[in-house]
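All remarks here apply to the structure that follows.
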Amino acid sequence: MSHAVLDYPFSEPPPPATLQQVAPGIHWLRMPLPVALDHINLWLVEDEIDGRQGWTVIDTGIGNDATRALWEEIFAGYFDGHPLLRVICTHMHPDHAGLAGWLCERWDAPLWMSAAEYLTAFIASHGAGMNDGASMVEHFRAHGLPPADHETIRHRGGFYGRMTAPLPARYRRVMAGEAIRLGGHDWRVIVGVGHSPEHVSLYCAGLDVLIAGDMLLPRISANVMVAAHEPESNPLADYLASLRGFLSLPAGVRVLPSHGLPFGNAHGRVHDLLDHHAERLDETRAACAARAEGITATELVPVLFRRQLDMHQMTFALGEALAHLHWLWFAGELTRVQADGVWRFKAVAG
Ligand SMILES: [Zn+2]
């Protein structure tokens, strides 16, 4: 696999509770995360809404006390008496939307999100059974996870609500293709599917800047998984189609990603990610062809992920292995059969 050379205009991220300007009026803020992926990038934009000067934030950090404390430092150190006017979330994941409810309440600010992200997050953050332990166990059991691991999975149920402040009961819906006025510029909404249900990236032609969220990351590939509440989905097809959409942006666009450093050469990165998944699909094809009895998603995990995984990483890896099996299954290259309640995927003969 060839790797595109990415240029990084900033060699270091800003220290905690510090802003770094990355484009006129756009400031980069890092927040820590208590997982292996140890940070998220947020973007604060100098803004004006209805004649009021203040800030719009894109994404919020995860819902814990450490992040709230860092936010208070930012308010005190940088806001200069101006309010937070608006909270935009690229998508529902806890590192992105975890403090949206808290920020909106603290500043009486509106929440802007796409409908599928808001509604899914609203349901999950208010404790309904979208990611409860029982349905997660059932999903992973049906794809071969051994009984010894079921209890750990069961305890992961409801994790969304534990990392996310409850969302406000009203929001401003963001739609694909619309123009949003932000920091004195028009930004076009680009919706991506596959990493999350209706992920919003924002492109500003005037600045030639893309706020990419998780759709376009410089060093890692966004998690694409078949989730327990959508067990028959083909998220990898959606994700690859969404990725190709970024090729219509100018080649010189500056990308502001949610993880890693801002970078140029977006087209090269899109091609790398497309190549990465094409290779994963080839490995999946080969693994299926090598086993007459077919393969479960659990058996595919060590083929695609050749390192030790904890149970948190295992759930993502299993979901991602299944996403590759489903892509081939939807394409007619695999069939699936269920034995003892476990799905096996087999290569179609010929
Ligand atoms: Zn995400």
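Chain lettering (A, B, ...) mirrors the order of the structure tokens, residue numbering begins at 1 for each chain separately, and ligand numbering begins at 1 in order of display.
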Practice prompt. Please report, as a ChimeraX atom specification, each residue of stretch 102-261 of chain A to which DSSP assigns strand (DSSP E) when run on this structure's backbone.
Written response: /A:111-113,172-173,179-182,185-192,199-204,209-213,254-257
Can I get the selected residues back with N, CA and C atoms, as a JSON list (two decimals), in the first residue's frame?
[["chain", "number", "residue", "atom", "x", "y", "z"],
["A", 111, "LEU", "N", -28.28, 23.94, 20.12],
["A", 111, "LEU", "CA", -27.52, 22.81, 19.58],
["A", 111, "LEU", "C", -27.88, 22.62, 18.12],
["A", 112, "TRP", "N", -26.84, 22.56, 17.27],
["A", 112, "TRP", "CA", -27.04, 22.31, 15.84],
["A", 112, "TRP", "C", -26.47, 20.92, 15.53],
["A", 113, "MET", "N", -27.31, 20.07, 14.97],
["A", 113, "MET", "CA", -26.90, 18.70, 14.64],
["A", 113, "MET", "C", -27.78, 18.19, 13.50],
["A", 172, "ARG", "N", -31.49, 22.54, 16.48],
["A", 172, "ARG", "CA", -31.61, 23.11, 15.14],
["A", 172, "ARG", "C", -31.07, 22.05, 14.19],
["A", 173, "ARG", "N", -31.95, 21.56, 13.31],
["A", 173, "ARG", "CA", -31.55, 20.49, 12.40],
["A", 173, "ARG", "C", -30.64, 21.01, 11.30],
["A", 179, "ALA", "N", -26.11, 25.74, 3.36],
["A", 179, "ALA", "CA", -25.02, 26.67, 3.68],
["A", 179, "ALA", "C", -25.27, 27.22, 5.08],
["A", 180, "ILE", "N", -24.26, 27.14, 5.93],
["A", 180, "ILE", "CA", -24.35, 27.67, 7.28],
["A", 180, "ILE", "C", -23.44, 28.88, 7.37],
["A", 181, "ARG", "N", -23.97, 29.97, 7.88],
["A", 181, "ARG", "CA", -23.16, 31.17, 8.10],
["A", 181, "ARG", "C", -22.40, 30.99, 9.40],
["A", 182, "LEU", "N", -21.09, 31.05, 9.33],
["A", 182, "LEU", "CA", -20.26, 30.74, 10.51],
["A", 182, "LEU", "C", -18.99, 31.59, 10.42],
["A", 185, "HIS", "N", -18.39, 33.61, 7.18],
["A", 185, "HIS", "CA", -18.24, 32.87, 5.93],
["A", 185, "HIS", "C", -19.39, 31.88, 5.77],
["A", 186, "ASP", "N", -19.61, 31.48, 4.52],
["A", 186, "ASP", "CA", -20.56, 30.40, 4.26],
["A", 186, "ASP", "C", -19.82, 29.07, 4.31],
["A", 187, "TRP", "N", -20.41, 28.12, 4.99],
["A", 187, "TRP", "CA", -19.87, 26.76, 5.09],
["A", 187, "TRP", "C", -20.92, 25.80, 4.56],
["A", 188, "ARG", "N", -20.51, 24.90, 3.72],
["A", 188, "ARG", "CA", -21.44, 23.91, 3.15],
["A", 188, "ARG", "C", -21.41, 22.64, 3.99],
["A", 189, "VAL", "N", -22.59, 22.10, 4.24],
["A", 189, "VAL", "CA", -22.72, 20.88, 5.03],
["A", 189, "VAL", "C", -22.52, 19.67, 4.11],
["A", 190, "ILE", "N", -21.55, 18.84, 4.47],
["A", 190, "ILE", "CA", -21.31, 17.59, 3.73],
["A", 190, "ILE", "C", -21.64, 16.44, 4.68],
["A", 191, "VAL", "N", -22.66, 15.67, 4.34],
["A", 191, "VAL", "CA", -23.05, 14.56, 5.20],
["A", 191, "VAL", "C", -22.31, 13.30, 4.79],
["A", 192, "GLY", "N", -21.77, 12.60, 5.77],
["A", 192, "GLY", "CA", -21.11, 11.32, 5.55],
["A", 192, "GLY", "C", -21.80, 10.23, 6.36],
["A", 199, "HIS", "N", -23.23, 11.96, 9.73],
["A", 199, "HIS", "CA", -22.09, 12.77, 10.16],
["A", 199, "HIS", "C", -21.99, 14.05, 9.33],
["A", 200, "VAL", "N", -21.76, 15.18, 10.01],
["A", 200, "VAL", "CA", -21.66, 16.47, 9.35],
["A", 200, "VAL", "C", -20.21, 16.94, 9.30],
["A", 201, "SER", "N", -19.70, 17.15, 8.08],
["A", 201, "SER", "CA", -18.45, 17.89, 7.88],
["A", 201, "SER", "C", -18.84, 19.24, 7.30],
["A", 202, "LEU", "N", -17.98, 20.25, 7.51],
["A", 202, "LEU", "CA", -18.28, 21.60, 7.04],
["A", 202, "LEU", "C", -17.14, 22.08, 6.15],
["A", 203, "TYR", "N", -17.50, 22.55, 4.94],
["A", 203, "TYR", "CA", -16.48, 23.05, 4.02],
["A", 203, "TYR", "C", -16.71, 24.53, 3.74],
["A", 204, "CYS", "N", -15.65, 25.31, 3.88],
["A", 204, "CYS", "CA", -15.72, 26.75, 3.59],
["A", 204, "CYS", "C", -14.87, 27.03, 2.35],
["A", 209, "VAL", "N", -11.15, 25.55, 3.73],
["A", 209, "VAL", "CA", -10.95, 24.76, 4.95],
["A", 209, "VAL", "C", -12.09, 23.76, 5.09],
["A", 210, "LEU", "N", -11.74, 22.55, 5.48],
["A", 210, "LEU", "CA", -12.73, 21.51, 5.77],
["A", 210, "LEU", "C", -12.65, 21.14, 7.24],
["A", 211, "ILE", "N", -13.74, 21.33, 7.97],
["A", 211, "ILE", "CA", -13.85, 20.77, 9.32],
["A", 211, "ILE", "C", -14.39, 19.36, 9.12],
["A", 212, "ALA", "N", -13.49, 18.38, 9.24],
["A", 212, "ALA", "CA", -13.78, 17.04, 8.72],
["A", 212, "ALA", "C", -14.48, 16.13, 9.71],
["A", 213, "GLY", "N", -14.42, 16.47, 11.01],
["A", 213, "GLY", "CA", -14.93, 15.51, 12.00],
["A", 213, "GLY", "C", -14.11, 14.23, 11.93],
["A", 254, "ARG", "N", -7.39, 22.75, 3.26],
["A", 254, "ARG", "CA", -6.79, 22.43, 4.57],
["A", 254, "ARG", "C", -7.82, 21.65, 5.38],
["A", 255, "VAL", "N", -7.41, 20.47, 5.86],
["A", 255, "VAL", "CA", -8.34, 19.60, 6.59],
["A", 255, "VAL", "C", -8.11, 19.75, 8.09],
["A", 256, "LEU", "N", -9.18, 20.05, 8.82],
["A", 256, "LEU", "CA", -9.15, 20.09, 10.28],
["A", 256, "LEU", "C", -9.85, 18.83, 10.79],
["A", 257, "PRO", "N", -9.07, 17.81, 11.17],
["A", 257, "PRO", "CA", -9.66, 16.53, 11.58],
["A", 257, "PRO", "C", -9.91, 16.48, 13.08]]
Fill in: Surrounding residues as an MDAnalysis selection string, ligand 1, max 12 Å, only C-alpha atoms and all ligand atoms
chainID A and resid 37 40:41 59 61:62 89:98 117 192:201 212:217 220:225 257:259 316
Practice prompt. Just list the residues in stretch 1-221 of chain A DSSP gives alpha helix (DSSP H) on the backbone, as a ChimeraX atom specification.
Written response: /A:65-78,94-97,100-107,115-125,133-141,150-156,159-162
Could you write those residues out with C-alpha atoms, as a compact mmCIF listing (two decimals), in the first residue's frame?
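Output file selection-v3.txt is given in full below:
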# COMPACT_ATOMS: atom_id res chain seq x y z
CA ASP A 65 -15.29 16.38 35.01
CA ALA A 66 -11.78 16.75 33.58
CA THR A 67 -13.17 18.10 30.30
CA ARG A 68 -15.62 20.42 32.09
CA ALA A 69 -12.72 21.85 34.12
CA LEU A 70 -10.68 22.48 30.96
CA TRP A 71 -13.68 24.20 29.40
CA GLU A 72 -13.94 26.52 32.42
CA GLU A 73 -10.27 27.45 31.89
CA ILE A 74 -11.02 28.28 28.26
CA PHE A 75 -14.04 30.42 29.19
CA ALA A 76 -11.96 32.33 31.73
CA GLY A 77 -8.83 32.63 29.62
CA TYR A 78 -10.16 33.31 26.13
CA PRO A 94 -19.38 10.71 23.16
CA ASP A 95 -16.06 12.43 22.44
CA HIS A 96 -17.86 14.79 20.03
CA ALA A 97 -21.24 15.34 21.68
CA ALA A 100 -23.19 19.31 24.19
CA GLY A 101 -26.03 19.23 26.72
CA TRP A 102 -23.85 20.80 29.40
CA LEU A 103 -22.50 23.57 27.12
CA CYS A 104 -25.97 24.39 25.78
CA GLU A 105 -27.37 24.66 29.28
CA ARG A 106 -24.42 26.60 30.71
CA TRP A 107 -24.63 29.23 27.95
CA ALA A 115 -31.44 14.72 12.58
CA ALA A 116 -30.16 11.15 12.67
CA GLU A 117 -27.25 12.10 14.94
CA TYR A 118 -29.41 14.14 17.30
CA LEU A 119 -32.26 11.67 17.57
CA THR A 120 -29.99 8.65 18.01
CA ALA A 121 -27.94 10.49 20.63
CA PHE A 122 -31.03 11.83 22.38
CA ILE A 123 -32.47 8.34 22.75
CA ALA A 124 -29.17 6.84 23.87
CA SER A 125 -28.29 9.69 26.27
CA GLY A 133 -26.00 -4.89 27.55
CA ALA A 134 -28.44 -7.62 26.53
CA SER A 135 -28.79 -6.52 22.90
CA MET A 136 -25.01 -6.07 22.60
CA VAL A 137 -24.41 -9.58 23.95
CA GLU A 138 -26.98 -11.00 21.53
CA HIS A 139 -25.37 -9.20 18.58
CA PHE A 140 -21.82 -10.31 19.37
CA ARG A 141 -22.89 -13.83 20.35
CA HIS A 150 -20.34 -12.10 27.38
CA GLU A 151 -20.29 -10.65 30.89
CA THR A 152 -17.72 -8.01 29.96
CA ILE A 153 -19.85 -7.01 27.00
CA ARG A 154 -22.97 -6.89 29.16
CA HIS A 155 -21.26 -4.40 31.46
CA ARG A 156 -20.42 -2.19 28.49
CA PHE A 159 -21.88 3.23 28.11
CA TYR A 160 -23.20 6.06 25.96
CA GLY A 161 -25.22 7.60 28.76
CA ARG A 162 -22.25 7.36 31.13
Discussion item. When you look at stretch 295-301 of chain A with a cut-off of 7 Å (counting only C-alpha atoms), what residues show up, excluding the ones that are within fewer than 3 positions of it in the same chain? I need them as a VMD selection string.
Written reply: chain A and resid 143 to 145 288 291 304 to 305 317 to 318 321 to 322 343 to 346
Go ahead and save the residues from that selection, with N, CA and C atoms, as a PDB file, in the first residue's frame.
ATOM      1  N   HIS A 143     -22.355 -13.456  16.284  1.00  0.00           N
ATOM      2  CA  HIS A 143     -21.197 -13.413  15.393  1.00  0.00           C
ATOM      3  C   HIS A 143     -19.975 -14.078  16.017  1.00  0.00           C
ATOM      4  N   GLY A 144     -20.227 -14.978  16.973  1.00  0.00           N
ATOM      5  CA  GLY A 144     -19.185 -15.908  17.392  1.00  0.00           C
ATOM      6  C   GLY A 144     -18.412 -15.539  18.635  1.00  0.00           C
ATOM      7  N   LEU A 145     -18.754 -14.441  19.312  1.00  0.00           N
ATOM      8  CA  LEU A 145     -17.997 -14.112  20.519  1.00  0.00           C
ATOM      9  C   LEU A 145     -18.256 -15.183  21.577  1.00  0.00           C
ATOM     10  N   CYS A 288     -12.030 -16.128   3.816  1.00  0.00           N
ATOM     11  CA  CYS A 288     -13.241 -16.912   3.529  1.00  0.00           C
ATOM     12  C   CYS A 288     -12.921 -18.059   2.572  1.00  0.00           C
ATOM     13  N   ARG A 291     -11.363 -21.264   4.071  1.00  0.00           N
ATOM     14  CA  ARG A 291     -12.116 -22.079   5.034  1.00  0.00           C
ATOM     15  C   ARG A 291     -13.407 -22.571   4.378  1.00  0.00           C
ATOM     16  N   LEU A 304      -7.638  -9.479  10.530  1.00  0.00           N
ATOM     17  CA  LEU A 304      -7.594  -8.055  10.172  1.00  0.00           C
ATOM     18  C   LEU A 304      -6.844  -7.212  11.195  1.00  0.00           C
ATOM     19  N   PHE A 305      -6.876  -7.640  12.469  1.00  0.00           N
ATOM     20  CA  PHE A 305      -6.251  -6.856  13.544  1.00  0.00           C
ATOM     21  C   PHE A 305      -5.195  -7.731  14.207  1.00  0.00           C
ATOM     22  N   ALA A 317     -13.468  -3.872  16.911  1.00  0.00           N
ATOM     23  CA  ALA A 317     -12.826  -4.707  15.891  1.00  0.00           C
ATOM     24  C   ALA A 317     -13.808  -5.734  15.330  1.00  0.00           C
ATOM     25  N   LEU A 318     -14.610  -6.309  16.219  1.00  0.00           N
ATOM     26  CA  LEU A 318     -15.589  -7.298  15.757  1.00  0.00           C
ATOM     27  C   LEU A 318     -16.617  -6.631  14.845  1.00  0.00           C
ATOM     28  N   ALA A 321     -14.855  -5.975  11.556  1.00  0.00           N
ATOM     29  CA  ALA A 321     -14.697  -7.212  10.772  1.00  0.00           C
ATOM     30  C   ALA A 321     -16.024  -7.571  10.112  1.00  0.00           C
ATOM     31  N   LEU A 322     -17.098  -7.441  10.880  1.00  0.00           N
ATOM     32  CA  LEU A 322     -18.425  -7.742  10.334  1.00  0.00           C
ATOM     33  C   LEU A 322     -18.790  -6.785   9.198  1.00  0.00           C
ATOM     34  N   TRP A 343     -23.606 -16.875  12.969  1.00  0.00           N
ATOM     35  CA  TRP A 343     -23.476 -16.676  11.521  1.00  0.00           C
ATOM     36  C   TRP A 343     -22.067 -17.001  11.042  1.00  0.00           C
ATOM     37  N   ARG A 344     -22.014 -17.790   9.946  1.00  0.00           N
ATOM     38  CA  ARG A 344     -20.739 -18.027   9.244  1.00  0.00           C
ATOM     39  C   ARG A 344     -20.895 -17.520   7.815  1.00  0.00           C
ATOM     40  N   PHE A 345     -19.857 -16.879   7.327  1.00  0.00           N
ATOM     41  CA  PHE A 345     -19.845 -16.327   5.964  1.00  0.00           C
ATOM     42  C   PHE A 345     -18.950 -17.193   5.094  1.00  0.00           C
ATOM     43  N   LYS A 346     -19.490 -17.586   3.916  1.00  0.00           N
ATOM     44  CA  LYS A 346     -18.750 -18.482   3.015  1.00  0.00           C
ATOM     45  C   LYS A 346     -18.620 -17.846   1.635  1.00  0.00           C
TER      46      LYS A 346
END
Fill in: Counting only C-alpha atoms, the residue of A:Leu328, A:Leu249, A:Leu334, A:Ala237 that sits nearest A:Asp208
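Looking only at the distances to A:Asp208, the closest residue turns out to be A:Leu249.
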Worksheet item: Contacts of A:Val57 at 7 Å or less, counting only C-alpha atoms, minus same-chain residues fewer than 4 places along, as a PyMOL selection string?
Response: chain A and resi 43-45+86-88
With N, CA and C atoms kept, could you save the residues just selected as a CSV table (one decimal), in the first residue's frame?
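Written out: selection-v7.csv:
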chain,number,residue,atom,x,y,z
A,43,TRP,N,-13.1,22.9,17.6
A,43,TRP,CA,-12.8,24.1,16.9
A,43,TRP,C,-13.7,25.2,17.4
A,44,LEU,N,-13.1,26.3,17.8
A,44,LEU,CA,-13.8,27.5,18.3
A,44,LEU,C,-13.7,28.5,17.2
A,45,VAL,N,-14.9,29.1,16.8
A,45,VAL,CA,-14.9,30.0,15.7
A,45,VAL,C,-15.4,31.4,16.3
A,86,ARG,N,-23.4,29.1,20.2
A,86,ARG,CA,-23.9,28.0,19.4
A,86,ARG,C,-23.0,26.8,19.6
A,87,VAL,N,-23.6,25.6,19.6
A,87,VAL,CA,-22.8,24.3,19.7
A,87,VAL,C,-23.2,23.5,18.5
A,88,ILE,N,-22.2,23.2,17.6
A,88,ILE,CA,-22.5,22.4,16.5
A,88,ILE,C,-21.8,21.0,16.8
Worksheet item: For A:Glu232, which residue among A:Gly319, A:Pro13, A:Gly25, A:Gly51 is the nearest when counting only C-alpha atoms?
Response: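 The closest residue to A:Glu232 is A:Gly319.
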Practice prompt. Could you check how far atom CA of A:Ala176 sits from atom CA of A:Ala266, in Å to one decimal?
Written response: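 If I compute the distance from atom CA of A:Ala176 to atom CA of A:Ala266, I get 20.3 Å.
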Discussion item. Quick check, in Å to one decimal: how far apart do atom CA of A:Ala4 and atom CA of A:Glu320 lie?
Written reply: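 According to the coordinates, atom CA of A:Ala4 and atom CA of A:Glu320 are separated by 23.7 Å.
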